[in-house]
$ cat input_30.cif   # mmCIF, C-alpha atoms
data_query
#
loop_
_atom_site.label_atom_id
_atom_site.label_comp_id
_atom_site.auth_asym_id
_atom_site.auth_seq_id
_atom_site.Cartn_x
_atom_site.Cartn_y
_atom_site.Cartn_z
CA MET G 29 -29.27 10.94 -34.38
CA ARG G 30 -26.59 8.82 -35.92
CA ASN G 31 -23.98 11.46 -35.10
CA LEU G 32 -25.17 11.66 -31.52
CA PHE G 33 -24.77 7.92 -31.17
CA LEU G 34 -21.31 8.08 -32.75
CA GLY G 35 -20.35 10.78 -30.28
CA VAL G 36 -21.46 8.69 -27.32
CA VAL G 37 -19.51 5.66 -28.54
CA THR G 38 -16.42 7.79 -29.19
CA ALA G 39 -16.55 9.11 -25.63
CA PHE G 40 -16.94 5.56 -24.29
CA VAL G 41 -13.74 4.58 -26.07
CA LEU G 42 -11.72 7.78 -25.78
CA LEU G 43 -12.17 8.55 -22.10
CA PRO G 44 -10.94 5.22 -20.67
CA MET G 45 -8.24 4.97 -23.34
CA GLY G 46 -7.08 8.49 -22.59
CA MET G 47 -6.84 7.79 -18.87
CA LEU G 48 -5.00 4.55 -19.51
CA GLY G 49 -2.68 6.32 -21.96
CA CYS G 50 -1.82 9.06 -19.45
CA PHE G 51 -0.99 6.43 -16.85
CA VAL G 52 1.07 4.18 -19.11
CA LEU G 53 3.05 7.17 -20.41
CA GLY G 54 3.97 8.05 -16.84
CA LEU G 55 2.02 11.31 -16.79
CA THR G 56 0.36 10.58 -13.44
CA GLU G 57 1.95 11.40 -10.11
CA ILE G 58 2.92 8.25 -8.23
CA ARG G 59 4.87 9.43 -5.19
CA SER G 60 3.22 8.52 -1.91
CA ASP G 61 4.56 11.41 0.18
CA LEU G 62 1.96 13.87 -1.08
CA LYS G 63 -1.49 14.09 0.45
CA PRO G 64 -4.36 12.64 -1.61
CA SER G 65 -6.68 15.33 -2.92
CA THR G 66 -9.99 15.79 -1.13
CA TRP G 67 -12.04 14.51 -4.03
CA GLU G 68 -9.85 11.44 -4.40
CA SER G 69 -10.14 10.64 -0.69
CA LEU G 70 -13.90 11.08 -0.86
CA ILE G 71 -14.43 8.90 -3.92
CA MET G 72 -11.98 6.15 -3.06
CA GLY G 73 -12.93 6.16 0.62
CA SER G 74 -16.60 5.71 -0.14
CA ALA G 75 -15.83 3.02 -2.74
CA VAL G 76 -13.89 1.04 -0.13
CA ARG G 77 -16.63 1.48 2.47
CA ALA G 78 -19.34 0.41 0.01
CA SER G 79 -17.36 -2.64 -1.08
CA VAL G 80 -16.59 -3.72 2.49
CA ARG G 81 -20.26 -3.31 3.50
CA ARG G 82 -21.39 -5.42 0.56
CA ARG G 83 -18.87 -8.21 1.04
CA ALA G 84 -18.99 -8.44 4.82
CA ALA G 85 -22.78 -8.29 4.92
CA GLY G 86 -23.21 -12.06 5.22
CA ILE G 87 -20.71 -12.57 8.01
CA ALA G 88 -22.29 -13.32 11.38
CA ASN G 89 -20.65 -11.46 14.22
CA ALA G 90 -18.55 -14.05 16.07
CA ALA G 91 -16.72 -11.57 18.29
CA THR G 92 -17.03 -12.31 21.99
CA VAL G 93 -16.46 -9.02 23.74
CA ASN G 94 -15.16 -9.20 27.27
CA ASN G 95 -12.07 -7.86 28.98
CA LYS G 96 -10.13 -11.02 28.22
CA THR G 97 -10.73 -10.96 24.45
CA LEU G 98 -10.20 -7.19 24.30
CA VAL G 99 -6.82 -7.54 25.99
CA ALA G 100 -5.88 -10.41 23.66
CA GLY G 101 -6.87 -8.28 20.65
CA GLY G 102 -5.02 -5.32 22.10
CA LYS G 103 -1.80 -7.30 22.40
CA LEU G 104 -2.13 -8.32 18.75
CA TYR G 105 -2.75 -4.70 17.81
CA VAL G 106 0.32 -3.47 19.67
CA ALA G 107 2.50 -6.13 18.04
CA GLY G 108 1.17 -6.00 14.49
CA CYS G 109 -0.90 -2.90 13.71
CA ALA G 110 0.34 0.01 15.84
CA GLY G 111 3.32 0.71 13.58
CA CYS G 112 1.06 2.11 10.87
CA HIS G 113 -2.28 2.65 12.63
CA GLY G 114 -1.08 4.51 15.70
CA GLU G 115 0.28 3.52 19.07
CA LEU G 116 -2.03 3.39 22.03
CA GLY G 117 -1.33 6.25 24.43
CA LYS G 118 0.94 8.15 22.05
CA PRO G 119 0.11 11.54 20.56
CA PHE G 120 -1.69 11.76 17.22
CA ARG G 121 0.69 11.47 14.31
CA GLU G 122 -0.64 11.92 10.81
CA ASP G 123 0.63 9.34 8.32
CA HIS G 124 2.53 11.20 5.59
CA ASP G 125 4.35 8.16 4.27
CA HIS G 126 1.63 5.96 2.86
CA PHE G 127 -0.81 6.85 0.10
CA PRO G 128 -3.63 6.60 0.96
CA PRO G 129 -2.59 7.34 4.57
CA ALA G 130 -3.20 4.57 7.10
CA PRO G 131 -6.20 5.49 9.30
CA GLN G 132 -5.04 6.51 12.78
CA LEU G 133 -7.33 4.23 14.71
CA THR G 134 -6.32 5.32 18.20
CA TYR G 135 -7.72 8.79 17.55
CA VAL G 136 -10.26 8.46 14.76
CA PRO G 137 -12.92 5.91 15.71
CA THR G 138 -13.57 3.37 12.98
CA GLN G 139 -16.95 3.39 11.30
CA TYR G 140 -16.81 -0.33 10.58
CA SER G 141 -18.62 -3.04 12.53
CA GLU G 142 -16.76 -6.02 13.97
CA PRO G 143 -17.54 -8.35 11.03
CA GLU G 144 -16.40 -5.61 8.62
CA LEU G 145 -13.14 -5.13 10.52
CA TYR G 146 -12.68 -8.91 10.58
CA TRP G 147 -13.14 -8.97 6.81
CA ILE G 148 -10.70 -6.09 6.18
CA VAL G 149 -7.95 -7.55 8.36
CA LYS G 150 -8.42 -11.01 6.90
CA HIS G 151 -8.44 -9.99 3.23
CA GLY G 152 -6.62 -6.65 3.15
CA VAL G 153 -7.47 -3.73 0.89
CA ARG G 154 -5.90 -3.77 -2.55
CA MET G 155 -4.04 -0.76 -3.88
CA THR G 156 -3.30 0.35 -0.33
CA ALA G 157 -0.62 -0.62 2.19
CA MET G 158 -3.19 -2.80 4.01
CA SER G 159 -2.02 -6.32 3.29
CA THR G 160 -3.73 -9.63 3.87
CA TYR G 161 -3.51 -10.97 7.41
CA GLY G 162 -5.62 -14.08 6.90
CA PRO G 163 -2.52 -16.28 6.56
CA PHE G 164 -0.99 -15.01 9.81
CA TYR G 165 -3.86 -14.98 12.31
CA SER G 166 -6.31 -17.64 13.44
CA GLU G 167 -10.04 -17.00 13.15
CA GLN G 168 -10.17 -16.39 16.89
CA GLN G 169 -7.35 -13.86 16.71
CA LEU G 170 -9.04 -12.04 13.84
CA TRP G 171 -12.21 -11.68 15.92
CA GLU G 172 -10.27 -10.56 18.99
CA LEU G 173 -8.53 -7.93 16.89
CA SER G 174 -11.76 -6.67 15.37
CA ALA G 175 -13.42 -6.45 18.78
CA PHE G 176 -10.47 -4.44 20.09
CA ILE G 177 -10.26 -2.09 17.10
CA HIS G 178 -14.00 -1.54 17.24
CA GLN G 179 -13.63 -0.14 20.76
CA ILE G 180 -10.13 1.26 20.54
CA THR G 181 -11.11 4.86 21.23
CA ASN G 182 -13.43 3.84 24.02
CA LEU G 183 -11.72 1.05 25.95
CA PRO G 184 -12.55 0.05 29.52
CA PRO G 185 -9.72 1.61 31.59
CA ASP G 186 -8.42 -1.69 32.97
CA VAL G 187 -8.24 -3.18 29.45
CA ARG G 188 -6.15 -0.23 28.37
CA VAL G 189 -3.80 -0.67 31.30
CA ALA G 190 -3.50 -4.42 30.70
CA VAL G 191 -2.73 -3.94 27.01
CA LEU G 192 -0.06 -1.33 27.69
CA SER G 193 1.59 -3.38 30.45
CA LYS G 194 4.30 -5.68 29.24
CA MET B 28 -21.18 17.90 -36.08
CA LYS B 29 -23.21 19.54 -33.36
CA ASN B 30 -24.90 16.23 -32.66
CA PHE B 31 -21.56 14.47 -32.53
CA LEU B 32 -20.19 16.92 -29.95
CA GLY B 33 -23.38 16.58 -27.97
CA GLY B 34 -22.96 12.81 -28.08
CA LEU B 35 -19.37 13.11 -26.96
CA LEU B 36 -20.41 15.14 -23.95
CA LEU B 37 -23.28 12.79 -23.16
CA GLY B 38 -20.98 9.77 -23.49
CA ALA B 39 -18.37 11.33 -21.20
CA MET B 40 -21.04 12.06 -18.62
CA LEU B 41 -22.33 8.50 -18.86
CA VAL B 42 -18.84 7.05 -18.33
CA VAL B 43 -18.29 9.19 -15.23
CA LEU B 44 -21.76 8.38 -13.91
CA ALA B 45 -21.32 4.65 -14.53
CA ALA B 46 -17.97 4.66 -12.74
CA PHE B 47 -19.49 6.56 -9.84
CA VAL B 48 -22.45 4.20 -9.49
CA TYR B 49 -20.17 1.16 -9.78
CA LEU B 50 -17.96 2.41 -6.96
CA LYS B 51 -20.80 3.69 -4.80
CA LEU B 52 -22.65 0.36 -4.93
CA GLY B 53 -19.52 -1.37 -3.67
CA LEU B 54 -19.28 -3.54 -6.77
CA ILE B 55 -15.53 -3.14 -7.09
CA ASP B 56 -13.51 -5.98 -5.57
CA ILE B 57 -11.07 -4.55 -3.03
CA ARG B 58 -9.70 -7.76 -1.50
CA ALA B 59 -5.92 -7.84 -1.43
CA ASP B 60 -5.79 -11.64 -1.25
CA ALA B 61 -6.87 -12.36 -4.81
CA PRO B 62 -4.20 -12.91 -7.46
CA MET B 63 -3.55 -9.88 -9.68
CA PRO B 64 -4.44 -10.54 -13.33
CA GLY B 65 -1.45 -10.43 -15.68
CA TRP B 66 -2.80 -7.58 -17.78
CA VAL B 67 -3.37 -5.43 -14.68
CA ALA B 68 0.17 -6.11 -13.55
CA ARG B 69 1.55 -5.14 -16.96
CA ILE B 70 -0.35 -1.84 -16.99
CA LEU B 71 0.62 -1.00 -13.39
CA TYR B 72 4.30 -1.81 -13.83
CA THR B 73 4.55 0.02 -17.16
CA GLY B 74 2.85 3.16 -15.82
CA THR B 75 4.84 3.15 -12.60
CA HIS B 76 8.14 2.73 -14.39
CA ALA B 77 7.27 5.47 -16.88
CA SER B 78 6.29 7.88 -14.12
CA VAL B 79 9.43 7.16 -12.12
CA ARG B 80 11.59 7.69 -15.21
CA ARG B 81 9.90 11.02 -15.80
CA SER B 82 10.23 12.19 -12.19
CA VAL B 83 13.83 11.26 -11.49
CA SER B 84 16.37 13.94 -12.12
CA HIS B 85 19.53 12.13 -12.98
CA GLY B 86 21.59 14.04 -10.50
CA GLU B 87 24.85 12.75 -9.22
CA ASN B 88 24.82 9.76 -6.97
CA PRO B 89 26.76 11.09 -3.96
CA SER B 90 27.85 7.64 -2.79
CA PRO B 91 31.20 6.52 -4.15
CA ASP B 92 31.21 3.22 -5.99
CA GLY B 93 32.75 0.56 -3.88
CA ASP B 94 32.36 -2.06 -1.21
CA ASP B 95 31.85 0.38 1.66
CA THR B 96 28.76 1.87 0.03
CA LEU B 97 27.33 -1.57 -0.67
CA ILE B 98 27.98 -2.73 2.88
CA ALA B 99 26.33 0.38 4.34
CA GLY B 100 23.37 -0.07 1.98
CA GLY B 101 23.14 -3.74 2.83
CA LYS B 102 22.74 -2.87 6.48
CA VAL B 103 19.92 -0.45 5.74
CA TYR B 104 18.31 -3.10 3.57
CA LEU B 105 18.58 -5.81 6.21
CA ASN B 106 17.31 -3.42 8.84
CA ASP B 107 14.13 -2.26 7.20
CA CYS B 108 13.45 -3.64 3.73
CA VAL B 109 13.79 -7.41 4.19
CA GLY B 110 10.46 -7.77 5.97
CA CYS B 111 8.62 -7.18 2.71
CA HIS B 112 11.24 -7.37 -0.07
CA GLY B 113 12.88 -10.63 1.02
CA GLU B 114 16.18 -11.60 2.54
CA PRO B 115 19.09 -12.58 0.30
CA GLY B 116 19.53 -16.33 0.28
CA LYS B 117 16.16 -16.99 1.89
CA PRO B 118 12.79 -17.90 0.35
CA PRO B 119 10.62 -14.92 -0.76
CA SER B 120 8.96 -12.90 2.00
CA GLU B 121 5.57 -14.40 2.76
CA PHE B 122 4.49 -11.08 4.22
CA GLY B 123 5.52 -9.12 1.10
CA LEU B 124 3.43 -11.39 -1.08
CA THR B 125 0.25 -10.60 0.88
CA PHE B 126 0.15 -7.06 -0.52
CA TYR B 127 -1.79 -6.09 -3.64
CA PRO B 128 0.16 -5.43 -5.79
CA PRO B 129 2.68 -7.90 -4.34
CA VAL B 130 6.00 -6.52 -3.13
CA PRO B 131 8.88 -7.13 -5.58
CA GLN B 132 11.29 -9.75 -4.25
CA PHE B 133 14.70 -8.25 -4.99
CA PRO B 134 16.95 -11.16 -3.99
CA ARG B 135 15.24 -13.37 -6.53
CA ALA B 136 13.98 -10.96 -9.19
CA GLY B 137 16.44 -8.07 -9.00
CA SER B 138 15.22 -4.63 -10.06
CA ASN B 139 14.67 -3.03 -13.46
CA TYR B 140 15.31 0.40 -12.00
CA SER B 141 18.55 2.38 -11.99
CA VAL B 142 20.25 3.48 -8.77
CA SER B 143 18.78 7.01 -9.04
CA GLU B 144 15.34 5.56 -9.64
CA VAL B 145 15.53 3.17 -6.67
CA PHE B 146 16.69 6.09 -4.51
CA TRP B 147 13.75 8.19 -5.68
CA ILE B 148 11.25 5.39 -5.00
CA ALA B 149 12.67 4.70 -1.54
CA LYS B 150 12.55 8.38 -0.66
CA HIS B 151 9.09 9.23 -2.00
CA GLY B 152 7.28 5.89 -1.97
CA ILE B 153 4.76 4.66 -4.51
CA ARG B 154 1.15 5.56 -3.97
CA ARG B 155 -1.56 2.92 -3.88
CA THR B 156 0.98 0.26 -2.95
CA GLY B 157 2.58 -0.84 0.31
CA MET B 158 5.67 1.20 -0.51
CA ALA B 159 5.84 4.01 2.03
CA ALA B 160 8.03 7.10 1.67
CA GLN B 161 11.18 6.55 3.72
CA ALA B 162 12.39 10.16 3.91
CA SER B 163 11.16 10.49 7.48
CA SER B 164 13.14 7.43 8.59
CA TYR B 165 16.41 7.71 6.66
CA THR B 166 18.78 10.37 5.36
CA ASP B 167 19.32 10.78 1.62
CA GLN B 168 22.82 9.43 2.09
CA GLN B 169 21.51 6.21 3.63
CA LEU B 170 18.90 5.80 0.92
CA TRP B 171 21.54 6.20 -1.81
CA THR B 172 23.59 3.40 -0.29
CA ALA B 173 20.50 1.20 0.01
CA ALA B 174 19.68 1.92 -3.65
CA ALA B 175 23.19 0.93 -4.68
CA PHE B 176 22.86 -2.29 -2.72
CA ILE B 177 19.44 -3.15 -4.16
CA THR B 178 20.54 -2.71 -7.76
CA ARG B 179 23.62 -4.87 -7.15
CA MET B 180 22.02 -7.39 -4.84
CA ARG B 181 22.12 -10.32 -7.18
CA ASN B 182 25.67 -9.59 -8.19
CA LEU B 183 27.54 -8.55 -5.06
CA PRO B 184 31.31 -8.61 -4.76
CA PRO B 185 32.12 -11.64 -2.55
CA GLY B 186 33.64 -9.55 0.22
CA VAL B 187 30.49 -7.48 0.55
CA ALA B 188 28.12 -10.39 1.02
CA LYS B 189 30.38 -11.73 3.75
CA ALA B 190 30.81 -8.39 5.52
CA ILE B 191 27.06 -7.82 5.65
CA GLU B 192 26.44 -11.28 7.06
CA GLN B 193 29.05 -10.77 9.75
CA THR B 194 28.05 -7.27 10.83
CA PRO B 195 25.26 -7.32 13.36
CA VAL B 196 22.24 -5.34 12.23
CA ASN B 197 21.87 -2.21 14.33
#
$ encode --input "input_30.cif" --output "structure tokens"
Amino acid sequence: MRNLFLGVVTAFVLLPMGMLGCFVLGLTEIRSDLKPSTWESLIMGSAVRASVRRRAAGIANAATVNNKTLVAGGKLYVAGCAGCHGELGKPFREDHDHFPPAPQLTYVPTQYSEPELYWIVKHGVRMTAMSTYGPFYSEQQLWELSAFIHQITNLPPDVRVAVLSK
Amino acid sequence: MKNFLGGLLLGAMLVVLAAFVYLKLGLIDIRADAPMPGWVARILYTGTHASVRRSVSHGENPSPDGDDTLIAGGKVYLNDCVGCHGEPGKPPSEFGLTFYPPVPQFPRAGSNYSVSEVFWIAKHGIRRTGMAAQASSYTDQQLWTAAAFITRMRNLPPGVAKAIEQTPVN
């Protein structure tokens, strides 16, 4: 029994230390131009989703959705997000440059609600290329953006036209 | 001994299970707008540097030493890197500091990496940071000149600094 306990404790210490050691010695791959493995995408993706759900749970939805706010959000998207997340009306282009790859929102509908999108844009996602936009957008702009992104694959046709027109 | 090995296995399974439950319940903080603790930064920077050192083959730098290389690299830098890494002579990039981990500010902090290492990072990127691979946007030749510029940025020959300022960014 004592040996069993010792074994458990040893594993508790060795496993994290071993992982840390491998990383600090430079044994892990760090280049971002390789695709994440399926298991890594699954685990990290679901960790991010779970964390966003938990943290955005208390935020009341303050998005007013009408053609005017959607167009305003769309203009912000075109100016600030499309570079990584995909340009409206352009063909699908997989992101091979970032790790994890930036979600291509114009083709893959987001699974997040408006308050969750608001939270992500405002705070960013650490250890990804998604930086914090809280300092650069007003509350109203953040809500306009989240309303737009929420509907980006399913926009009213005239909103789409208005966003794409200069 | 048999019990010890059994315990080891059980312990390993518990660690994996605990990590899984922790992540799955969303308990991990993923906000990018919280300051990074010093010990995390030390681990990340040490591991990144070690991995880069291991990956870089110290092949020949094809760009000749000299002002022309630095000027060409400076243009690449001003064209595409300044947004996050900061412009020489200006305050640090506010945008670069909103990433987690924050983007290194070369004009102020310089770089601990050699020219070959900076080239490698620019070409391949660094995963789980904002640093994207640039191979699809620039040729190797351009990235070598940018790497030369970045490693010399805080110590540029006077003519170079002037030439870069005067040449319009394309």
$ interface_residues --input "input_30.cif" --of "chain B" --to "chain G" --cutoff "6 Å" --atoms "only C-alpha atoms" --output "PyMOL selection string"
chain B and resi 30-31+34-35+38-39+50-53+57-60+73-74+77-78+125-127+151-157+159-160
$ write_last_selection --input "input_30.cif" --atoms "C-alpha atoms" --output "compact mmCIF listing (two decimals), in the coordinates of the input"
# COMPACT_ATOMS: atom_id res chain seq x y z
CA ASN B 30 -24.90 16.23 -32.66
CA PHE B 31 -21.56 14.47 -32.53
CA GLY B 34 -22.96 12.81 -28.08
CA LEU B 35 -19.37 13.11 -26.96
CA GLY B 38 -20.98 9.77 -23.49
CA ALA B 39 -18.37 11.33 -21.20
CA LEU B 50 -17.96 2.41 -6.96
CA LYS B 51 -20.80 3.69 -4.80
CA LEU B 52 -22.65 0.36 -4.93
CA GLY B 53 -19.52 -1.37 -3.67
CA ILE B 57 -11.07 -4.55 -3.03
CA ARG B 58 -9.70 -7.76 -1.50
CA ALA B 59 -5.92 -7.84 -1.43
CA ASP B 60 -5.79 -11.64 -1.25
CA THR B 73 4.55 0.02 -17.16
CA GLY B 74 2.85 3.16 -15.82
CA ALA B 77 7.27 5.47 -16.88
CA SER B 78 6.29 7.88 -14.12
CA THR B 125 0.25 -10.60 0.88
CA PHE B 126 0.15 -7.06 -0.52
CA TYR B 127 -1.79 -6.09 -3.64
CA HIS B 151 9.09 9.23 -2.00
CA GLY B 152 7.28 5.89 -1.97
CA ILE B 153 4.76 4.66 -4.51
CA ARG B 154 1.15 5.56 -3.97
CA ARG B 155 -1.56 2.92 -3.88
CA THR B 156 0.98 0.26 -2.95
CA GLY B 157 2.58 -0.84 0.31
CA ALA B 159 5.84 4.01 2.03
CA ALA B 160 8.03 7.10 1.67
$ resolve_selection --input "input_30.cif" --expression "the PyMOL selection byres ((chain G and resi 173) around 12)" --output "ChimeraX atom specification"
/G:90-93,96-110,142-150,161,165-172,174-180
$ resolve_selection --input "input_30.cif" --expression "the PyMOL selection byres ((chain B and resi 174-181) around 10)" --output "PDB file with C-alpha atoms, in the frame of the given file"
ATOM      1  CA  ASN B  88      24.820   9.760  -6.970  1.00  0.00           C
ATOM      2  CA  SER B  90      27.850   7.640  -2.790  1.00  0.00           C
ATOM      3  CA  PRO B  91      31.200   6.520  -4.150  1.00  0.00           C
ATOM      4  CA  ASP B  92      31.210   3.220  -5.990  1.00  0.00           C
ATOM      5  CA  GLY B  93      32.750   0.560  -3.880  1.00  0.00           C
ATOM      6  CA  ASP B  94      32.360  -2.060  -1.210  1.00  0.00           C
ATOM      7  CA  THR B  96      28.760   1.870   0.030  1.00  0.00           C
ATOM      8  CA  LEU B  97      27.330  -1.570  -0.670  1.00  0.00           C
ATOM      9  CA  ILE B  98      27.980  -2.730   2.880  1.00  0.00           C
ATOM     10  CA  ALA B  99      26.330   0.380   4.340  1.00  0.00           C
ATOM     11  CA  GLY B 100      23.370  -0.070   1.980  1.00  0.00           C
ATOM     12  CA  GLY B 101      23.140  -3.740   2.830  1.00  0.00           C
ATOM     13  CA  LYS B 102      22.740  -2.870   6.480  1.00  0.00           C
ATOM     14  CA  VAL B 103      19.920  -0.450   5.740  1.00  0.00           C
ATOM     15  CA  TYR B 104      18.310  -3.100   3.570  1.00  0.00           C
ATOM     16  CA  CYS B 108      13.450  -3.640   3.730  1.00  0.00           C
ATOM     17  CA  PRO B 115      19.090 -12.580   0.300  1.00  0.00           C
ATOM     18  CA  GLY B 116      19.530 -16.330   0.280  1.00  0.00           C
ATOM     19  CA  PHE B 133      14.700  -8.250  -4.990  1.00  0.00           C
ATOM     20  CA  PRO B 134      16.950 -11.160  -3.990  1.00  0.00           C
ATOM     21  CA  ARG B 135      15.240 -13.370  -6.530  1.00  0.00           C
ATOM     22  CA  ALA B 136      13.980 -10.960  -9.190  1.00  0.00           C
ATOM     23  CA  GLY B 137      16.440  -8.070  -9.000  1.00  0.00           C
ATOM     24  CA  SER B 138      15.220  -4.630 -10.060  1.00  0.00           C
ATOM     25  CA  ASN B 139      14.670  -3.030 -13.460  1.00  0.00           C
ATOM     26  CA  TYR B 140      15.310   0.400 -12.000  1.00  0.00           C
ATOM     27  CA  SER B 141      18.550   2.380 -11.990  1.00  0.00           C
ATOM     28  CA  VAL B 142      20.250   3.480  -8.770  1.00  0.00           C
ATOM     29  CA  SER B 143      18.780   7.010  -9.040  1.00  0.00           C
ATOM     30  CA  GLU B 144      15.340   5.560  -9.640  1.00  0.00           C
ATOM     31  CA  VAL B 145      15.530   3.170  -6.670  1.00  0.00           C
ATOM     32  CA  PHE B 146      16.690   6.090  -4.510  1.00  0.00           C
ATOM     33  CA  TRP B 147      13.750   8.190  -5.680  1.00  0.00           C
ATOM     34  CA  ILE B 148      11.250   5.390  -5.000  1.00  0.00           C
ATOM     35  CA  ALA B 149      12.670   4.700  -1.540  1.00  0.00           C
ATOM     36  CA  GLN B 168      22.820   9.430   2.090  1.00  0.00           C
ATOM     37  CA  GLN B 169      21.510   6.210   3.630  1.00  0.00           C
ATOM     38  CA  LEU B 170      18.900   5.800   0.920  1.00  0.00           C
ATOM     39  CA  TRP B 171      21.540   6.200  -1.810  1.00  0.00           C
ATOM     40  CA  THR B 172      23.590   3.400  -0.290  1.00  0.00           C
ATOM     41  CA  ALA B 173      20.500   1.200   0.010  1.00  0.00           C
ATOM     42  CA  ASN B 182      25.670  -9.590  -8.190  1.00  0.00           C
ATOM     43  CA  LEU B 183      27.540  -8.550  -5.060  1.00  0.00           C
ATOM     44  CA  PRO B 184      31.310  -8.610  -4.760  1.00  0.00           C
ATOM     45  CA  VAL B 187      30.490  -7.480   0.550  1.00  0.00           C
ATOM     46  CA  ALA B 188      28.120 -10.390   1.020  1.00  0.00           C
TER      47      ALA B 188
END
$ atom_distance --input "input_30.cif" --atom1 "CA of Ser65 in chain G" --atom2 "CA of Ala130 in chain G"
15.1 Å
$ atom_distance --input "input_30.cif" --atom1 "CA of Ala190 in chain G" --atom2 "CA of Lys118 in chain G"
15.9 Å
$ closest_atom_pairs --input "input_30.cif" --of "range 97-119 of chain G" --to "range 135-139 of chain G" --cutoff "10 Å" --atoms "all atoms listed in the file" --output "JSON lines"
{"residue": "G:His113", "atom": "CA", "partner": "G:Tyr135", "partner_atom": "CA", "distance": 9.6}
{"residue": "G:Gly114", "atom": "CA", "partner": "G:Tyr135", "partner_atom": "CA", "distance": 8.1}
{"residue": "G:Glu115", "atom": "CA", "partner": "G:Tyr135", "partner_atom": "CA", "distance": 9.7}
{"residue": "G:Leu116", "atom": "CA", "partner": "G:Tyr135", "partner_atom": "CA", "distance": 9.0}
{"residue": "G:Gly117", "atom": "CA", "partner": "G:Tyr135", "partner_atom": "CA", "distance": 9.7}
{"residue": "G:Lys118", "atom": "CA", "partner": "G:Tyr135", "partner_atom": "CA", "distance": 9.8}
{"residue": "G:Pro119", "atom": "CA", "partner": "G:Tyr135", "partner_atom": "CA", "distance": 8.8}
$ atom_distance --input "input_30.cif" --atom1 "CA of Leu133 in chain G" --atom2 "CA of Ser120 in chain B"
26.8 Å
$ closest_residue --input "input_30.cif" --among "G:Ala85, G:Met45, G:Cys112, G:Val189" --to "Tyr140 in chain G" --atoms "all atoms listed in the file"
G:Ala85
$ decode --input "input_30.cif" --residues "range 98-110 of chain G" --atoms "N, CA and C atoms" --output "compact mmCIF listing (two decimals), in the first residue's frame"
# COMPACT_ATOMS: atom_id res chain seq x y z
N LEU G 98 -25.65 45.64 -38.34
CA LEU G 98 -24.92 44.59 -39.06
C LEU G 98 -23.93 45.21 -40.05
N VAL G 99 -24.37 46.26 -40.74
CA VAL G 99 -23.47 46.92 -41.69
C VAL G 99 -22.30 47.56 -40.94
N ALA G 100 -22.61 48.21 -39.81
CA ALA G 100 -21.54 48.83 -39.02
C ALA G 100 -20.53 47.78 -38.58
N GLY G 101 -21.03 46.64 -38.08
CA GLY G 101 -20.15 45.55 -37.67
C GLY G 101 -19.36 45.00 -38.84
N GLY G 102 -20.03 44.91 -39.99
CA GLY G 102 -19.38 44.39 -41.19
C GLY G 102 -18.22 45.26 -41.63
N LYS G 103 -18.41 46.57 -41.53
CA LYS G 103 -17.32 47.49 -41.91
C LYS G 103 -16.13 47.29 -40.97
N LEU G 104 -16.41 47.11 -39.68
CA LEU G 104 -15.33 46.86 -38.73
C LEU G 104 -14.62 45.54 -39.06
N TYR G 105 -15.42 44.54 -39.42
CA TYR G 105 -14.85 43.24 -39.77
C TYR G 105 -13.91 43.36 -40.96
N VAL G 106 -14.38 44.04 -42.00
CA VAL G 106 -13.58 44.19 -43.22
C VAL G 106 -12.26 44.90 -42.90
N ALA G 107 -12.34 45.92 -42.04
CA ALA G 107 -11.14 46.70 -41.75
C ALA G 107 -10.19 45.98 -40.80
N GLY G 108 -10.73 45.23 -39.83
CA GLY G 108 -9.86 44.74 -38.77
C GLY G 108 -9.72 43.24 -38.63
N CYS G 109 -10.63 42.45 -39.20
CA CYS G 109 -10.63 41.01 -38.91
C CYS G 109 -10.35 40.17 -40.16
N ALA G 110 -10.77 40.71 -41.33
CA ALA G 110 -10.77 39.89 -42.55
C ALA G 110 -9.38 39.38 -42.92
